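Source file: entry23.cif (mmCIF, C-alpha atoms)
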```
data_upload
#
loop_
_atom_site.label_atom_id
_atom_site.label_comp_id
_atom_site.auth_asym_id
_atom_site.auth_seq_id
_atom_site.Cartn_x
_atom_site.Cartn_y
_atom_site.Cartn_z
CA MET A 104 87.71 83.17 19.42
CA THR A 105 89.33 81.31 22.31
CA TYR A 106 92.29 82.63 24.21
CA PHE A 107 94.59 80.02 22.71
CA LYS A 108 93.43 80.79 19.19
CA LEU A 109 94.21 84.40 19.92
CA VAL A 110 97.71 83.55 21.10
CA GLU A 111 98.20 81.44 18.00
CA GLU A 112 97.05 84.28 15.80
CA GLY A 113 99.27 86.68 17.75
CA ARG A 114 102.22 84.43 17.06
CA ALA A 115 101.47 84.34 13.36
CA LYS A 116 100.99 88.12 13.19
CA ASN A 117 103.89 89.13 15.47
CA CYS A 118 101.79 90.59 18.26
CA LEU A 119 103.82 91.18 21.41
CA LEU A 120 101.98 89.50 24.28
CA SER A 121 104.57 88.61 26.89
CA VAL A 122 107.74 90.25 28.18
CA LEU A 123 110.23 88.89 30.67
CA LEU A 124 112.36 91.34 32.63
CA GLU A 125 115.58 90.11 34.16
CA LEU A 126 115.81 92.83 36.78
CA THR A 127 119.19 91.78 38.14
CA TYR A 128 121.66 88.92 38.05
CA ARG A 129 122.28 89.24 41.78
CA CYS A 130 121.05 86.26 43.75
CA ASN A 131 120.96 85.02 47.31
CA LEU A 132 121.60 81.45 46.14
CA ASP A 133 124.46 80.14 44.02
CA CYS A 134 122.96 77.42 41.85
CA PHE A 135 125.56 75.26 40.19
CA PHE A 136 123.86 75.26 36.80
CA CYS A 137 122.58 78.87 36.75
CA TYR A 138 122.44 80.04 33.14
CA ASN A 139 122.89 83.76 33.79
CA ASP A 140 125.93 85.46 32.32
CA LEU A 141 127.34 86.90 35.52
CA GLY A 142 130.22 88.54 33.67
CA LEU A 143 127.90 90.67 31.55
CA THR A 144 128.36 94.39 32.13
CA GLY A 145 126.59 97.53 31.04
CA LYS A 146 124.53 100.41 32.28
CA PRO A 147 121.72 98.95 34.37
CA LEU A 148 118.18 100.09 33.66
CA GLN A 149 116.87 102.40 36.38
CA ARG A 150 113.44 102.74 37.90
CA GLN A 151 112.41 105.52 35.51
CA ASP A 152 113.57 103.42 32.53
CA TYR A 153 111.34 100.59 33.68
CA GLU A 154 108.40 102.89 34.27
CA ARG A 155 108.68 104.27 30.76
CA LEU A 156 109.05 100.75 29.38
CA LEU A 157 105.97 99.46 31.21
CA GLU A 158 103.86 102.37 30.04
CA GLU A 159 104.87 101.64 26.49
CA LEU A 160 104.21 97.92 26.88
CA ALA A 161 100.74 98.66 28.26
CA GLU A 162 100.05 100.91 25.25
CA LEU A 163 101.11 98.01 23.05
CA GLN A 164 98.54 95.88 24.93
CA VAL A 165 101.15 93.44 26.21
CA LEU A 166 99.32 91.04 28.49
CA GLU A 167 101.94 89.26 30.55
CA LEU A 168 104.92 90.65 32.40
CA THR A 169 107.38 88.37 34.17
CA LEU A 170 109.86 89.66 36.73
CA SER A 171 112.87 87.40 36.84
CA GLY A 172 116.56 87.49 37.59
CA GLY A 173 118.88 86.38 39.13
CA GLU A 174 116.58 86.74 42.05
CA PRO A 175 114.23 89.60 41.19
CA LEU A 176 113.70 90.46 44.84
CA ALA A 177 117.40 91.34 45.01
CA SER A 178 116.80 94.26 42.66
CA PRO A 179 116.01 97.70 44.11
CA CYS A 180 113.58 98.07 41.19
CA PHE A 181 111.53 95.00 42.14
CA TRP A 182 108.87 96.74 44.22
CA PRO A 183 108.39 99.88 42.11
CA VAL A 184 108.31 97.86 38.90
CA GLY A 185 105.92 95.34 40.41
CA ARG A 186 103.58 98.07 41.66
CA LYS A 187 103.67 99.81 38.30
CA ALA A 188 102.88 96.52 36.58
CA ARG A 189 99.84 96.07 38.75
CA GLU A 190 98.71 99.65 38.20
CA LEU A 191 98.96 99.17 34.43
CA GLY A 192 96.98 95.95 34.51
CA PHE A 193 99.56 93.38 33.46
CA VAL A 194 99.16 89.71 34.29
CA LEU A 195 102.20 89.59 36.54
CA ARG A 196 104.39 86.54 37.02
CA LEU A 197 107.28 86.40 39.44
CA LYS A 198 110.15 83.96 39.07
CA SER A 199 111.90 83.50 42.38
CA ASN A 200 114.07 80.99 44.18
CA GLY A 201 111.74 81.45 47.15
CA HIS A 202 114.55 82.02 49.63
CA ALA A 203 113.37 85.52 50.58
CA LEU A 204 109.65 84.78 50.46
CA GLY A 205 109.14 84.82 54.21
CA GLU A 206 105.84 85.85 55.75
CA ASN A 207 106.34 89.61 55.62
CA VAL A 208 107.64 89.68 52.06
CA ALA A 209 104.90 87.31 50.90
CA LYS A 210 102.21 89.45 52.49
CA ARG A 211 103.67 92.54 50.89
CA ILE A 212 103.72 90.85 47.48
CA GLN A 213 100.10 89.85 47.87
CA ARG A 214 99.08 93.32 49.03
CA GLU A 215 101.11 95.45 46.66
CA LEU A 216 101.69 93.37 43.53
CA ASP A 217 98.86 90.81 43.40
CA PRO A 218 100.73 88.54 40.97
CA TYR A 219 98.96 85.94 38.92
CA VAL A 220 101.49 83.35 39.97
CA ILE A 221 104.90 82.99 41.59
CA GLU A 222 107.11 80.43 39.90
CA ILE A 223 109.54 79.02 42.40
CA SER A 224 112.59 76.84 41.87
CA LEU A 225 112.75 73.47 43.56
CA HIS A 226 115.99 71.53 43.15
CA GLY A 227 115.35 68.30 45.02
CA ALA A 228 113.06 66.46 47.38
CA THR A 229 115.65 66.43 50.16
CA ALA A 230 117.78 69.06 51.81
CA LYS A 231 120.91 67.22 50.76
CA THR A 232 120.12 67.42 47.04
CA HIS A 233 118.45 70.82 46.97
CA ASP A 234 121.20 72.46 48.99
CA ARG A 235 123.86 70.79 46.87
CA GLN A 236 122.47 72.48 43.77
CA THR A 237 121.84 75.86 45.39
CA GLN A 238 125.18 75.68 47.23
CA VAL A 239 123.49 77.25 50.27
CA VAL A 240 123.05 75.11 53.35
CA GLY A 241 119.57 75.39 54.81
CA SER A 242 117.97 76.62 51.59
CA PHE A 243 115.67 73.59 51.30
CA ASP A 244 114.26 73.86 54.81
CA ARG A 245 113.75 77.57 54.38
CA LEU A 246 112.03 77.06 51.03
CA LEU A 247 109.62 74.50 52.45
CA SER A 248 108.73 76.82 55.29
CA ASN A 249 108.18 79.70 52.87
CA LEU A 250 106.05 77.57 50.54
CA GLN A 251 103.81 76.59 53.41
CA GLY A 252 103.51 80.26 54.28
CA LEU A 253 102.55 81.16 50.70
CA ARG A 254 99.96 78.42 50.71
CA ALA A 255 98.49 79.65 53.97
CA LEU A 256 98.20 83.14 52.51
CA GLY A 257 96.50 81.82 49.38
CA LEU A 258 99.20 83.14 47.06
CA ARG A 259 99.26 81.20 43.82
CA PHE A 260 102.58 79.50 43.17
CA ARG A 261 103.95 76.69 41.13
CA LEU A 262 107.23 74.85 41.34
CA GLN A 263 109.81 74.54 38.63
CA THR A 264 112.82 72.32 38.47
CA THR A 265 115.54 71.51 36.05
CA MET A 266 116.25 67.81 36.12
CA THR A 267 119.93 67.11 36.68
CA ARG A 268 122.14 64.12 37.37
CA TRP A 269 122.05 65.18 41.02
CA ASN A 270 118.28 65.30 41.50
CA GLU A 271 117.02 62.80 38.93
CA ALA A 272 116.62 60.03 41.51
CA GLU A 273 114.25 62.27 43.46
CA ILE A 274 111.93 63.34 40.66
CA GLU A 275 109.08 61.12 41.82
CA SER A 276 109.47 62.44 45.36
CA MET A 277 109.50 65.99 44.05
CA PHE A 278 106.15 65.43 42.38
CA GLU A 279 104.85 64.04 45.67
CA LEU A 280 106.21 67.05 47.51
CA ALA A 281 104.53 69.39 45.06
CA GLN A 282 101.28 67.50 45.40
CA SER A 283 101.45 67.80 49.17
CA LEU A 284 101.63 71.57 48.68
CA ASP A 285 98.78 71.57 46.12
CA ALA A 286 101.25 72.94 43.61
CA LEU A 287 102.01 72.11 40.03
CA LEU A 288 105.57 70.98 39.36
CA ILE A 289 107.02 71.81 35.96
CA VAL A 290 110.19 69.88 35.12
CA ASP A 291 112.63 70.89 32.44
CA SER A 292 114.73 67.94 31.39
CA VAL A 293 117.33 69.97 29.51
CA VAL A 294 120.29 71.52 31.30
CA THR A 295 121.55 74.39 29.20
CA PRO A 296 124.94 76.07 28.91
CA ARG A 297 125.37 79.44 30.58
CA ASP A 298 124.46 82.48 28.51
CA ASP A 299 128.16 83.27 28.12
CA GLY A 300 128.66 79.90 26.43
CA ASP A 301 130.19 78.18 29.47
CA ARG A 302 129.18 74.51 29.26
CA THR A 303 130.02 73.60 32.85
CA PRO A 304 126.33 73.04 33.73
CA LEU A 305 126.14 70.27 31.13
CA SER A 306 128.35 68.17 33.40
CA ILE A 307 125.27 67.47 35.50
CA ALA A 308 122.84 66.83 32.63
CA PRO A 309 120.36 64.07 33.50
CA SER A 310 120.76 60.50 32.28
CA PRO A 311 118.70 59.20 29.33
CA ALA A 312 116.90 56.73 31.61
CA ALA A 313 115.79 59.57 33.88
CA GLY A 314 114.38 61.35 30.86
CA ASN A 315 112.15 58.37 30.14
CA ARG A 316 110.94 58.20 33.74
CA LEU A 317 110.14 61.88 33.64
CA ARG A 318 108.13 61.48 30.46
CA LEU A 319 105.92 58.86 32.11
CA LEU A 320 105.49 61.01 35.20
CA GLN A 321 104.59 64.06 33.19
CA GLU A 322 102.03 62.14 31.18
CA ALA A 323 100.44 60.99 34.42
CA GLN A 324 100.50 64.52 35.78
CA VAL A 325 98.85 65.98 32.71
CA ARG A 326 95.98 63.56 33.26
CA THR A 327 95.44 64.64 36.85
CA ALA A 328 96.79 68.12 37.48
CA CYS A 329 94.80 71.29 37.69
CA THR A 330 97.10 73.84 36.20
CA LEU A 331 97.37 77.51 37.02
CA GLU A 332 97.51 78.39 33.36
CA PRO A 333 94.59 80.18 31.78
CA VAL A 334 93.16 77.03 30.32
CA SER A 335 89.50 77.48 29.80
CA GLY A 336 89.68 79.46 26.60
CA LYS A 337 86.01 80.23 27.10
CA THR A 338 84.49 82.83 24.86
CA THR A 339 81.79 85.12 26.04
CA THR A 340 78.66 85.13 23.97
CA ALA A 341 77.99 88.83 23.87
CA SER A 342 75.50 89.68 21.20
CA PRO A 343 77.50 92.52 19.63
CA ASP A 344 79.18 89.68 17.79
CA SER A 345 76.29 89.75 15.38
CA TYR A 346 77.62 92.81 13.63
CA THR A 347 81.27 91.98 13.37
CA ALA A 348 82.55 90.55 10.15
CA SER A 349 86.05 89.28 10.65
CA LYS A 350 88.15 87.60 8.07
CA THR A 351 91.34 86.02 9.27
CA PRO A 352 94.02 86.34 6.63
CA LEU A 353 96.54 83.56 6.38
CA PHE A 354 99.93 84.16 7.98
CA PRO A 355 102.81 81.72 8.10
CA LYS A 356 102.79 79.66 11.30
CA LYS A 357 105.71 79.80 13.67
CA HIS A 358 107.32 77.17 15.85
CA CYS A 359 107.12 79.15 19.09
CA GLY A 360 106.64 82.63 20.46
CA THR A 361 110.27 83.72 20.28
CA GLY A 362 110.42 87.18 18.75
CA ALA A 363 106.81 86.76 17.66
CA THR A 364 104.88 87.15 20.92
CA THR A 365 107.73 87.37 23.42
CA LEU A 366 110.76 89.41 24.31
CA THR A 367 113.28 89.21 27.15
CA ILE A 368 115.13 92.20 28.55
CA ASP A 369 118.30 91.85 30.60
CA PRO A 370 119.34 94.19 33.45
CA TYR A 371 121.37 96.34 31.04
CA GLY A 372 118.57 96.98 28.58
CA ASN A 373 119.60 94.40 26.01
CA VAL A 374 116.53 92.96 24.30
CA TYR A 375 116.37 89.35 23.12
CA PRO A 376 113.66 87.34 21.32
CA CYS A 377 113.17 85.15 24.40
CA VAL A 378 114.94 84.02 27.54
CA GLN A 379 116.84 81.25 25.77
CA TRP A 380 117.76 82.85 22.46
CA ARG A 381 120.40 85.42 23.35
CA ARG A 382 120.68 87.06 19.97
CA PRO A 383 120.32 90.81 20.73
CA VAL A 384 117.65 92.66 18.79
CA GLY A 385 118.10 96.08 20.39
CA ASN A 386 118.94 97.98 23.56
CA LEU A 387 116.59 100.17 25.57
CA HIS A 388 119.30 102.76 26.20
CA GLN A 389 119.30 103.46 22.48
CA GLN A 390 115.77 102.67 21.35
CA THR A 391 112.27 102.40 22.71
CA ILE A 392 110.63 99.01 22.91
CA ARG A 393 108.19 100.08 20.23
CA GLN A 394 111.06 100.97 17.88
CA ILE A 395 112.70 97.64 18.58
CA TRP A 396 109.54 95.59 18.11
CA PHE A 397 108.52 97.22 14.85
CA HIS A 398 111.85 98.25 13.35
CA SER A 399 114.66 96.09 14.72
CA PRO A 400 116.72 94.89 11.76
CA GLN A 401 117.28 91.57 13.55
CA LEU A 402 113.70 90.59 14.39
CA PRO A 403 112.54 89.84 10.83
CA GLU A 404 115.35 87.29 10.56
CA ILE A 405 114.39 85.76 13.92
CA ARG A 406 110.78 85.46 12.75
CA ARG A 407 111.81 83.97 9.43
CA ILE A 408 113.87 81.32 11.21
CA ASN A 409 110.94 80.69 13.55
CA GLU A 410 108.70 80.01 10.54
CA GLN A 411 111.33 77.72 9.07
CA ALA A 412 111.48 75.83 12.36
CA HIS A 413 107.73 75.30 12.23
CA ARG A 414 108.01 73.83 8.76
CA LEU A 415 110.99 71.73 9.81
CA VAL A 416 109.37 70.22 12.90
CA SER A 417 105.84 69.84 11.56
CA GLY A 418 107.24 68.24 8.42
CA MET A 419 108.85 65.41 10.37
CA PRO A 420 107.09 62.08 10.72
CA ARG A 421 105.18 62.19 14.00
CA LYS A 422 107.33 59.50 15.61
CA GLU A 423 110.54 61.35 14.84
CA ARG A 424 109.27 64.76 15.91
CA PRO A 425 111.17 66.08 18.95
CA ARG A 426 109.01 66.69 22.02
CA THR A 427 110.66 70.04 22.46
CA PHE A 428 112.82 72.00 20.12
CA CYS A 429 114.37 75.28 21.16
CA LEU A 430 115.82 77.60 18.55
CA GLY A 431 117.92 79.45 21.10
CA LEU A 432 119.38 76.30 22.55
CA ALA A 433 120.06 74.95 19.07
CA GLU A 434 122.02 78.09 18.20
CA GLU A 435 123.90 78.02 21.50
CA LEU A 436 124.86 74.37 21.17
CA THR A 437 125.50 74.09 17.45
CA GLY A 438 125.71 77.62 16.05
CA ASP A 439 122.65 76.89 13.92
CA PRO A 440 119.18 77.69 15.31
CA LEU A 441 117.64 75.06 13.05
CA ALA A 442 120.01 72.20 13.92
CA LEU A 443 118.72 69.23 15.86
CA TYR A 444 120.97 69.18 18.89
CA PRO A 445 121.86 65.97 20.80
CA GLN A 446 119.62 66.70 23.80
CA LEU A 447 116.61 66.52 21.49
CA LEU A 448 117.08 62.90 20.62
CA ASP A 449 114.90 60.40 22.34
CA PRO A 450 116.58 59.42 25.61
CA GLU A 451 116.48 55.80 24.49
CA THR A 452 118.61 56.56 21.49
CA ALA A 453 120.72 59.43 22.79
CA MET R 281 76.57 103.94 36.91
CA LYS R 282 80.35 103.86 36.47
CA LEU R 283 81.85 100.40 36.26
CA VAL R 284 85.39 99.16 36.80
CA LEU R 285 87.19 95.89 36.28
CA ALA R 286 87.05 93.61 39.30
CA LYS R 287 90.25 93.54 41.32
CA ASP R 288 91.45 90.18 40.01
CA VAL R 289 90.62 90.87 36.36
CA ARG R 290 93.12 91.93 33.72
CA PHE R 291 92.07 93.16 30.28
CA ARG R 292 93.84 93.80 27.01
CA ARG R 293 92.70 94.53 23.48
CA ILE R 294 94.66 92.26 21.23
CA LEU R 295 94.31 91.95 17.47
CA GLN R 296 91.04 93.92 17.48
CA GLN R 297 89.63 91.50 20.05
CA GLY R 298 89.74 91.28 23.80
CA VAL R 299 91.28 89.03 26.42
CA LEU R 300 90.16 88.97 30.01
CA ILE R 301 92.17 87.10 32.61
CA ARG R 302 90.37 86.23 35.81
CA GLN R 303 93.34 85.63 38.04
CA ALA R 304 91.54 84.04 40.95
CA ALA R 305 89.88 81.48 38.73
CA GLY R 306 92.94 81.00 36.54
CA GLU R 307 90.72 81.57 33.56
CA ALA R 308 91.01 83.39 30.26
CA LEU R 309 88.04 84.77 28.40
CA GLY R 310 88.17 85.79 24.80
CA ILE R 311 85.74 88.48 23.68
CA ASN R 312 84.95 89.68 20.22
CA GLY R 313 85.92 93.03 18.75
CA VAL R 314 82.76 94.93 19.59
CA GLY R 315 82.73 93.55 23.10
CA ALA R 316 86.37 94.54 23.52
CA ARG R 317 85.61 98.07 22.34
CA ILE R 318 82.70 98.36 24.77
CA LEU R 319 84.82 97.06 27.61
CA GLN R 320 87.66 99.44 26.75
CA LEU R 321 85.25 102.37 26.92
CA LEU R 322 83.85 101.13 30.22
CA VAL R 323 87.35 100.83 31.66
CA GLU R 324 88.05 104.38 30.50
CA GLY R 325 85.14 105.48 32.67
CA ARG R 326 82.42 105.93 30.07
CA SER R 327 78.83 105.25 31.01
CA VAL R 328 76.61 102.93 28.98
CA PRO R 329 74.64 105.79 27.37
CA GLU R 330 77.92 107.46 26.37
CA ILE R 331 79.18 104.21 24.89
CA VAL R 332 76.02 103.70 22.91
CA SER R 333 76.32 107.19 21.48
CA LEU R 334 79.94 106.65 20.54
CA LEU R 335 79.42 103.24 18.98
CA THR R 336 76.40 104.32 16.98
CA GLY R 337 78.82 106.33 14.90
CA GLU R 338 81.28 103.46 14.61
CA PHE R 339 78.97 100.62 13.61
CA ASP R 340 76.19 100.32 11.10
CA VAL R 341 73.52 99.31 13.57
CA GLU R 342 70.29 100.77 14.93
CA LYS R 343 70.78 102.66 18.18
CA ARG R 344 68.00 100.66 19.84
CA ILE R 345 69.66 97.33 19.02
CA LEU R 346 73.06 98.61 20.06
CA LYS R 347 71.64 99.79 23.38
CA GLU R 348 70.00 96.43 24.05
CA ASP R 349 73.13 94.52 23.10
CA THR R 350 75.38 96.74 25.18
CA ASN R 351 73.16 96.46 28.22
CA ARG R 352 73.01 92.69 27.87
CA PHE R 353 76.78 92.50 27.47
CA VAL R 354 77.38 94.64 30.54
CA GLU R 355 74.93 92.53 32.55
CA GLU R 356 76.76 89.41 31.48
CA LEU R 357 80.10 90.85 32.58
CA LEU R 358 78.60 91.91 35.90
CA GLU R 359 77.21 88.41 36.41
CA LEU R 360 80.59 86.89 35.56
CA GLY R 361 82.22 89.15 38.13
CA VAL R 362 84.39 90.78 35.48
CA LEU R 363 82.93 94.21 36.18
CA GLU R 364 81.81 95.82 39.39
CA PRO R 365 80.44 99.22 40.33
CA ALA R 366 83.15 101.84 40.78
CA PRO R 367 83.87 102.82 44.38
CA GLY R 368 81.05 104.98 45.62
CA GLU R 369 78.59 103.62 43.05
CA THR R 370 75.81 101.19 43.89
CA ALA R 371 74.73 98.26 41.76
#
```
Can the structure from this file be put into structure tokens for me?
Amino acid sequence: MTYFKLVEEGRAKNCLLSVLLELTYRCNLDCFFCYNDLGLTGKPLQRQDYERLLEELAELQVLELTLSGGEPLASPCFWPVGRKARELGFVLRLKSNGHALGENVAKRIQRELDPYVIEISLHGATAKTHDRQTQVVGSFDRLLSNLQGLRALGLRFRLQTTMTRWNEAEIESMFELAQSLDALLIVDSVVTPRDDGDRTPLSIAPSPAAGNRLRLLQEAQVRTACTLEPVSGKTTTASPDSYTASKTPLFPKKHCGTGATTLTIDPYGNVYPCVQWRRPVGNLHQQTIRQIWFHSPQLPEIRRINEQAHRLVSGMPRKERPRTFCLGLAEELTGDPLALYPQLLDPETA
Amino acid sequence: MKLVLAKDVRFRRILQQGVLIRQAAGEALGINGVGARILQLLVEGRSVPEIVSLLTGEFDVEKRILKEDTNRFVEELLELGVLEPAPGETA
């Protein structure tokens, strides 16, 4: 079985494969459209909470662990959690704005954490645009310098951007910039409300025309890019296979991994089906992750909706099928996780 | 000889099968259930003879065939760079 088949089967059978930890909402930048709910309060998870959590996740055979924020490096738990993740054999991803990834920090990350990849936010192809979005003067120049340092060290990184009205004119240049750094650029064309419901970020949502340009660029990139994702899906040909007899029972397919292969945990221990769908399914101060995954009263409903979404989207005529459909965003924008929200419509008709 | 996962390799047993991630190559390998069980035992520090003894009780297979298959599988993983001798061991 290939890796992707396994992920697909995991999704159908509710096998937890990937967990994202928002270690803190503190950040050294001040991005205009940041989605974090900065007003959220609670009892922050401590180092020992994370250590217990990671041990349990490793027992559950969770493969991927992502450290995010805010800026994860701003959390006092970043280094101990990262080291523990390495010790327990997770495929570790870091999501960072890159501002603190100077030479010494980058070397320490490489030496102590050995992440699979660092996903770094890029907000423009010029200092003017990037710094406008981060609201920190000098952040673009510093990021470029840090990216060159990461490259020199051989640390794997990729760039991520959210396309906005402010940076949409620079998207082509951003791809060129990424290419000059031998990095993949992933562009999200949907600006989302903040997790507290504040829709201020939508004021800089990209134009429909920019969405079309992006689609063409992405199609070109798919044809040429070498991604950092595990893509080979190769299967070893070990002979013990000859005495396995596996039958794969049929399970209902799901639209995405939310609540089926993924969970997101905020700094206060609240557990969500994914980073976008902020419908709590438990809290680590009250329950273990195992209890939440197997016994949360909310997760069966999440999974049922996820299956419905698969039927909804796959049942559409191919031409009308949205390129992306996010249950969490649908619920945030419309109150209904299965509603087709305006940002889904083809940019030409939006 | 004790074997360990190479430094850039991550391994999990998922749905009775195995997934290996070779970070440096950006590559995922899927392995079948028996292979995953063998690899799990190797990672736990078991030697090949120990694994063969254990698995003989778990699978309906001749010990000789199991030994050959296990050795071939381990050789394949060594060739792929997934496994390496534990510190202090020689290949």
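The residues returned by the PyMOL selection byres ((chain R and resi 282) around 7) for this structure are R:Met281, R:Leu283, R:Val284, R:Gly325, R:Ser327, R:Pro365, R:Ala366, R:Glu369.
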For the residues in that selection, give me C-alpha atoms as an mmCIF file, in the coordinates of the input.
```
data_model
loop_
_atom_site.group_PDB
_atom_site.id
_atom_site.type_symbol
_atom_site.label_atom_id
_atom_site.label_comp_id
_atom_site.auth_asym_id
_atom_site.auth_seq_id
_atom_site.Cartn_x
_atom_site.Cartn_y
_atom_site.Cartn_z
ATOM 1 C CA MET R 281 76.570 103.940 36.910
ATOM 2 C CA LEU R 283 81.850 100.400 36.260
ATOM 3 C CA VAL R 284 85.390 99.160 36.800
ATOM 4 C CA GLY R 325 85.140 105.480 32.670
ATOM 5 C CA SER R 327 78.830 105.250 31.010
ATOM 6 C CA PRO R 365 80.440 99.220 40.330
ATOM 7 C CA ALA R 366 83.150 101.840 40.780
ATOM 8 C CA GLU R 369 78.590 103.620 43.050
#
```
Show which residues sit within 12 Å of Pro329 (chain R), as a count of residues only. Count only C-alpha atoms, and ignore same-chain residues fewer than 4 positions away.
-> 18
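Counting all atoms listed in the file and comparing A:Met266, A:Leu156, A:Ala412, A:Val194, the residue that lies closest to chain R is A:Val194.
Compared by their closest atoms to Gly205 (chain A), and using only C-alpha atoms, the residues A:Ser248, A:Asp234, A:Leu287, A:Pro218 rank with A:Ser248 nearest.
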Within-9 Å shell of (129.3, 79.4, 31.9) in input frame, all atoms listed in the file, as a list in words |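 So the residues meeting the distance criterion are Phe136, Cys137, Tyr138, Asn139, Asp140, Leu141, Pro296, Arg297, Asp298, Asp299, Gly300, Asp301, Arg302, Thr303 and Pro304 of chain A.
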Could you spell out the hits of the PyMOL selection byres ((chain R) within 9 of (chain A)) on the shown file, as an MDAnalysis selection string?
-> chainID R and resid 288:295 297 299:315 339:341 346 349:350 352:354 356:357
Using only C-alpha atoms, determine which residues lie at most 10 Å from Glu271 (chain A), disregarding the query and same-chain residues fewer than 5 positions distant; provide the list as a PyMOL selection string.
-> chain A and resi 226-227+232+265-266+276-277+292+308-310+312-314+316-317
If you count only C-alpha atoms, the residue of A:Pro376, A:Gly362, A:Gly185, A:Pro440 closest to Arg114 (chain A) turns out to be A:Gly362
What residues come out when you apply the PyMOL selection byres ((chain A and resi 368) around 10) to this file, written as an mmCIF file with C-alpha atoms, in the frame of the given file?
```
data_model
loop_
_atom_site.group_PDB
_atom_site.id
_atom_site.type_symbol
_atom_site.label_atom_id
_atom_site.label_comp_id
_atom_site.auth_asym_id
_atom_site.auth_seq_id
_atom_site.Cartn_x
_atom_site.Cartn_y
_atom_site.Cartn_z
ATOM 1 C CA VAL A 122 107.740 90.250 28.180
ATOM 2 C CA LEU A 123 110.230 88.890 30.670
ATOM 3 C CA LEU A 124 112.360 91.340 32.630
ATOM 4 C CA GLU A 125 115.580 90.110 34.160
ATOM 5 C CA LEU A 126 115.810 92.830 36.780
ATOM 6 C CA LEU A 148 118.180 100.090 33.660
ATOM 7 C CA SER A 171 112.870 87.400 36.840
ATOM 8 C CA LEU A 366 110.760 89.410 24.310
ATOM 9 C CA THR A 367 113.280 89.210 27.150
ATOM 10 C CA ASP A 369 118.300 91.850 30.600
ATOM 11 C CA PRO A 370 119.340 94.190 33.450
ATOM 12 C CA TYR A 371 121.370 96.340 31.040
ATOM 13 C CA GLY A 372 118.570 96.980 28.580
ATOM 14 C CA ASN A 373 119.600 94.400 26.010
ATOM 15 C CA VAL A 374 116.530 92.960 24.300
ATOM 16 C CA TYR A 375 116.370 89.350 23.120
ATOM 17 C CA PRO A 376 113.660 87.340 21.320
ATOM 18 C CA CYS A 377 113.170 85.150 24.400
ATOM 19 C CA VAL A 378 114.940 84.020 27.540
ATOM 20 C CA PRO A 383 120.320 90.810 20.730
ATOM 21 C CA GLY A 385 118.100 96.080 20.390
ATOM 22 C CA ASN A 386 118.940 97.980 23.560
ATOM 23 C CA LEU A 387 116.590 100.170 25.570
ATOM 24 C CA ILE A 392 110.630 99.010 22.910
#
```
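The coordinates place CA of Leu415 (chain A) at 16.6 Å from CA of Thr437 (chain A).
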If you measure from CA of Ser306 (chain A) to CA of Glu423 (chain A), what distance in Å do you get, rounded to one decimal?
->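 Calculated distance between CA of Ser306 (chain A) and CA of Glu423 (chain A) is 26.6 Å.
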Mind giving me the straight-line distance from CA of Leu430 (chain A) to CA of Glu410 (chain A) in Å, one decimal?
-> 11.0 Å
Pick from A:Asp152, A:Glu322, A:Asp244, A:Glu222, whichever lies nearest to Ala286 (chain A) using all atoms listed in the file |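 Closest residue, counting all atoms listed in the file: A:Glu222.
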Contacts of Thr237 (chain A) at 7 Å (all atoms listed in the file; same-chain gap of 3+ positions) as a list in words |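 The residues that qualify are Leu132, Asp133, Cys134, Phe135, His233 and Asp234 of chain A.
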Kindly save the residues from that selection, with C-alpha atoms included, as a compact mmCIF listing (two decimals), in the coordinates of the input.
```txt
# COMPACT_ATOMS: atom_id res chain seq x y z
CA LEU A 132 121.60 81.45 46.14
CA ASP A 133 124.46 80.14 44.02
CA CYS A 134 122.96 77.42 41.85
CA PHE A 135 125.56 75.26 40.19
CA HIS A 233 118.45 70.82 46.97
CA ASP A 234 121.20 72.46 48.99
```
